[in-house]
Amino acid sequence: RGDPGLRSRDRRCRRHLWNRSGSRAAAAAGTAPGPSRAAAAAAAGTAPEVEPPPPPPLVAGAVEERERERRDREKERDRDKDAEKGKGEEGRKREVEVVKQLKMDLKRAQENQKEMKLLLDMYRSSPKEQRDKVQLMAAERKIKGEMEGLRQRMRDVDERERGEGRKIADVDAIHRLKIANEQMDIMLKKVALAKQEEEALLSEMDVTSQAFEDMQDQNIRLMQQLREKDDANFKLMSERIKSNQIHKLLKEEKEELVDQVLTLQTQVDAQLQVVRKLENTELLLQNNLTTMEKELSVRSQTVELHRRKAVEAVQVADDLKLQLDSVQSKLFEVQRNIIDTSVGREKENFNFKRTQEDISRLRRKLELQKKTEMFTNCDEILMEEIKEYKSKLTCPCCNMRKKDAILTKCFHVFCFECVKTRYDTRQRKCPKCNAAFGANDFHRIYIG
């Protein structure tokens with residue numbers, strides 16, 4: 001609808017369809033038939049063809065013009081006949097020109113036929129009455145049949161021209177000219193009919209196009225109204241939604257403000273209570289201040305007393321320090337004497353233990369001597385000595401393993417397993433003399 005070229009083409013097509021519908025109505029009313037094509041075909045020696053449909057009735061002026069044209073054509077034919085009798089070659093030339101003219105008319109009719117096909121294709125999709133469609137299709141078929149007949153005639157004429165050529169006599173040429181003239185008249189009538197149908201179709205197309213445009217304009221107006229209504233409804237709905245949202249927001253704000261007012265009231269009550277408490281505390285503090293001032297005066301007096309006492313205490317402390325230094329020096333001397341006495345005692349204990357061991361050794365020797373005196377057999381004596389030596393080589397703690405470890409503190413000998421178990425179980429004293437030993441105070445010995 002927006003393209004002006006398409007609109008102009010639609011108008012032309014509608015005008016053409018309107019003209020054709022008018023020509024079909026005129027053809028249905030009936031007119032006087034033209035010259036017989038069957039007679040012309042019999043004269044030319046060809047098969048008779050079907051008569052074309054009679055031309056539609058026209059207005060009085062158009063009929064008179066056609067009568068005049070027909071008379072003029074007949075006069076021209078008579079003149080042509082007279083001229084052709086004397087001039088055969090000129091007749092042939094005119095015949096060739098007539099054939100060319102017929103060919104041109106045929107081409108025009110073919111072009112009109114193509115246009116009509118296009119129009120029919122365009123308007124087949126549009127809604128119309130069934131009778132118009134049937135009439136259009138019948139007219140198209142008639143035009144096709146006429147075009148086929150014209151083509152066949154043109155072929156026949158071309159074949160005759162080629163076959164006969166210069167051999168045809170003047171009589172035959174005149175006869176052919178007559179036939180050609182009659183065919184020309186028939187073709188002209190057909191062309192006129194086609195033009196009338198085209199004009200009727202175009203006028204019909206104009207009317208239908210106008211009606212179609214009116215309907216489209218009306219549809220556009222209705223669509224515009226619908227769009228305007230839709231826009232108005234959409235605006236109303238959007239305004240309603242906005243108003244609902246604003247209402248909700250206002251409600252929420254109102255609720256928030258109510259909550260804030262309640263919270264502020266509670267805060268005010270709490271602050272009033274705090275103010276009351278502060279007033280009470282202020283009174284208490286004032287009372288306390290008075291009492292504290294009294295106490296301060298009392299305490300200042302006591303502080304002065306304590307200062308005096310502190311000065312006296314400092315003097316006493318200095319005296320005590322001097323006494324303490326003298327006592328500490330004495331204590332240090334006493335501790336040295338105690339350490340020296342403890343070292344001397346340890347040495348005496350060690351020497352005492354050594355002497356006890358020597359005494360025990362001497363007792364054993366004495367017992368051996370007694371045994372030797374008692375036992376007369378030497379073997380028994382030796383066995384006793386061997387047992388004694390074995391007992392000396394075995395560990396006195398476990399009485400199982402041999403002695404292979406020595407304590408460097410007291411030089412007593414035991415097996416390494418017993419010393420290690422004593423060290424691991426924190427019984428870090430000698431089993432014989434109870435001398436304390438550490439990790440570096442016991443070593444292995446190898447008795448060969």
# chains A, B, ... in the order shown; residues from 1 in each chain; ligands from 1
call {"tool": "residues_around", "arguments": {"residues": "A:Lys100", "least_positions_apart": "6", "cutoff": "10 Å", "atoms": "only C-alpha atoms", "output": "JSON list (two decimals) with all heavy atoms, in the first residue's frame"}}
result
[["chain", "number", "residue", "atom", "x", "y", "z"],
["A", 94, "ARG", "N", 1.87, -4.95, -50.97],
["A", 94, "ARG", "CA", 0.85, -4.58, -49.99],
["A", 94, "ARG", "C", 0.45, -5.79, -49.15],
["A", 94, "ARG", "O", 0.17, -5.67, -47.95],
["A", 94, "ARG", "CB", -0.36, -3.99, -50.70],
["A", 94, "ARG", "CG", -0.10, -2.58, -51.24],
["A", 94, "ARG", "CD", -1.36, -1.97, -51.74],
["A", 94, "ARG", "NE", -2.22, -1.66, -50.61],
["A", 94, "ARG", "CZ", -3.46, -1.20, -50.73],
["A", 94, "ARG", "NH1", -3.98, -1.03, -51.94],
["A", 94, "ARG", "NH2", -4.19, -0.93, -49.67],
["A", 106, "LEU", "N", -0.84, -9.37, -33.97],
["A", 106, "LEU", "CA", -0.76, -10.63, -33.23],
["A", 106, "LEU", "C", 0.15, -10.49, -32.00],
["A", 106, "LEU", "O", -0.17, -10.98, -30.90],
["A", 106, "LEU", "CB", -0.23, -11.73, -34.15],
["A", 106, "LEU", "CG", -0.15, -13.14, -33.54],
["A", 106, "LEU", "CD1", -1.53, -13.63, -33.14],
["A", 106, "LEU", "CD2", 0.47, -14.10, -34.54],
["A", 154, "MET", "N", -1.56, -17.42, -40.17],
["A", 154, "MET", "CA", -0.29, -16.81, -40.56],
["A", 154, "MET", "C", 0.67, -17.86, -41.09],
["A", 154, "MET", "O", 1.41, -17.62, -42.05],
["A", 154, "MET", "CB", 0.32, -16.10, -39.34],
["A", 154, "MET", "CG", -0.45, -14.86, -38.89],
["A", 154, "MET", "SD", -0.53, -13.63, -40.15],
["A", 154, "MET", "CE", 1.18, -13.19, -40.28]]
call {"tool": "closest_residue", "arguments": {"among": "A:Thr291, A:Gln356, A:Asn349, A:Thr421", "to": "A:Ala439", "atoms": "only C-alpha atoms"}}
result
A:Thr421
call {"tool": "residues_around", "arguments": {"residues": "stretch 386-397 of chain A", "least_positions_apart": "3", "cutoff": "10 Å", "atoms": "only C-alpha atoms", "output": "list in words"}}
result
Arg364, Leu368, Glu380, Ile381, Leu382, Met383, Met400, Arg401, Lys402, Lys403, Asp404, Ala405, Val413, Phe414, Cys415, Phe416, Glu417, Cys418, Val419, Pro431, Lys432 and Ile447 of chain A
call {"tool": "write_last_selection", "arguments": {"atoms": "C-alpha atoms", "output": "PDB file, in the first residue's frame"}}
result
ATOM      1  CA  ARG A 364      86.547 -64.217 103.969  1.00  0.00           C
ATOM      2  CA  LEU A 368      89.060 -69.764 103.782  1.00  0.00           C
ATOM      3  CA  GLU A 380      87.267 -79.621  97.745  1.00  0.00           C
ATOM      4  CA  ILE A 381      89.289 -76.545  98.575  1.00  0.00           C
ATOM      5  CA  LEU A 382      89.763 -75.725  94.914  1.00  0.00           C
ATOM      6  CA  MET A 383      86.074 -76.149  94.209  1.00  0.00           C
ATOM      7  CA  MET A 400      72.984 -64.323  86.715  1.00  0.00           C
ATOM      8  CA  ARG A 401      75.014 -62.178  84.361  1.00  0.00           C
ATOM      9  CA  LYS A 402      78.718 -61.380  84.495  1.00  0.00           C
ATOM     10  CA  LYS A 403      80.065 -58.056  85.693  1.00  0.00           C
ATOM     11  CA  ASP A 404      80.754 -55.800  82.689  1.00  0.00           C
ATOM     12  CA  ALA A 405      79.948 -52.228  83.899  1.00  0.00           C
ATOM     13  CA  VAL A 413      81.160 -53.287  89.385  1.00  0.00           C
ATOM     14  CA  PHE A 414      77.817 -54.680  88.157  1.00  0.00           C
ATOM     15  CA  CYS A 415      76.324 -55.996  84.925  1.00  0.00           C
ATOM     16  CA  PHE A 416      75.459 -53.337  82.341  1.00  0.00           C
ATOM     17  CA  GLU A 417      71.771 -54.417  82.135  1.00  0.00           C
ATOM     18  CA  CYS A 418      71.184 -53.894  85.878  1.00  0.00           C
ATOM     19  CA  VAL A 419      72.862 -50.463  85.847  1.00  0.00           C
ATOM     20  CA  PRO A 431      73.112 -50.913  95.150  1.00  0.00           C
ATOM     21  CA  LYS A 432      75.990 -51.320  97.624  1.00  0.00           C
ATOM     22  CA  ILE A 447      87.356 -58.708  81.808  1.00  0.00           C
TER      23      ILE A 447
END
call {"tool": "select_by_dssp", "arguments": {"residues": "stretch 223-434 of chain A", "states": "helix (DSSP H, G or I)", "output": "MDAnalysis selection string"}}
result
chainID A and resid 223:374 378:393 416:424
call {"tool": "atom_distance", "arguments": {"atom1": "atom CA of A:Met137", "atom2": "atom CA of A:Ala200"}}
result
15.0 Å
call {"tool": "atom_distance", "arguments": {"atom1": "atom CA of A:Phe442", "atom2": "atom CA of A:Ile406"}}
result
5.5 Å
call {"tool": "closest_residue", "arguments": {"among": "A:Glu213, A:Glu74, A:Glu159, A:Glu198", "to": "A:Glu111", "atoms": "only C-alpha atoms"}}
result
A:Glu198
call {"tool": "closest_residue", "arguments": {"among": "A:Ala194, A:Ala211, A:Leu264, A:Leu407", "to": "A:Glu146", "atoms": "only C-alpha atoms"}}
result
A:Ala194
call {"tool": "atom_distance", "arguments": {"atom1": "atom CA of A:Lys409", "atom2": "atom CA of A:Ile338"}}
result
22.0 Å
call {"tool": "closest_atom_pairs", "arguments": {"of": "stretch 168-210 of chain A", "to": "stretch 214-223 of chain A", "cutoff": "10 Å", "atoms": "only C-alpha atoms", "output": "CSV"}}
result
residue,atom,partner,partner_atom,distance
A:Thr208,CA,A:Asp214,CA,9.6
A:Ser209,CA,A:Asp214,CA,8.3
A:Gln210,CA,A:Asp214,CA,6.0
